[in-house]
Amino acid sequence: MCGNNMSAPLPAVVPAARKATAAVSGARAAEGSPGPPPATACHATSPSQAGATPVIFLHGLGDTGHGWAEAFAGIRSSHIKYICPHAPVMPVTLNMNMAMPSWFDIIGLSPDSQEDEPGIKQAAENVKALIDQEVKNGIPSNRIILGGFSQGGALSLYTALTTQQKLAGVTALSCWLPLRASFPQGPISSVNKDISILQCHGDCDPLVPLMFGSLTAEKLKSLVNPANVTFKTYEGMMHSSCQQEMMDVKQFIDKLLPPVD
């Protein structure tokens, strides 16, 4: 699914959501188009009752929220809704300035690559606005989980560690921590210093190597309560998802966001 040339165009990331959908289809069995919309649009699963607890999940580079929304619809508990926004379309330096859905520009995929600091910070503000909207709808921020895959997972981590909104947790799949040098050497002092984080990574990922995930997990444990950081790896998984990962995500979310009467 993903080539080994890390400088190759990254729409190869797109099938991850389709892989996740296929994984969920398998899990369900075990348990018994047009161009991308603007960034303000979202694809959300539709719970049966009002006031459902939200999980905001951000897709990867070159993708849209539709595939992940479909995947999460297969594992969603009845009181949970998944909000899967679509990134704006912009030129991506890494991909020879090809225009594609992207939360921010990516210059390179090595630990010392230059980063799009203004773009990352603006994207984080946009995600915080989505959280604010759910709070205005009557959901306490500490009943909201933020998550994402690849570039979206990176943005979810950065947003959770920089926002003043206390969140329930983060699910960070096949990703890294952006602007890591901007964080302190020791624990952060923000409202999310004790946040629960589930970080997942495939051990055969050719685009975001497992080493990046391991280094990110180490950094996260220095920033927040290390007892609340879980790092899971999946044998044979590339830059994608799998049935076991989706079930681990479901368990994490259901534990942090139990139904309330």
# chains A, B, ... in the order shown; residues from 1 in each chain; ligands from 1
$ select_by_dssp --residues "range 23-164 of chain A" --states "strand (DSSP E or B)" --output "NGL selection string"
:A and (42-44 or 53-58 or 80-85 or 89-92 or 98-101 or 106 or 115 or 145-149)
$ closest_residue --among "A:Ile253, A:Leu94, A:Ala172, A:Cys84" --to "Phe149 in chain A" --atoms "only C-alpha atoms"
A:Ala172
$ closest_residue --among "A:Leu167, A:Leu207, A:Cys175, A:Cys200" --to "Met247 in chain A" --atoms "only C-alpha atoms"
A:Cys200
$ select_by_dssp --residues "range 40-247 of chain A" --states "helix (DSSP H, G or I)" --output "PyMOL selection string"
chain A and resi 65-73+93-95+117-136+141-143+151-162+180-182+210-223+226-228+243-247
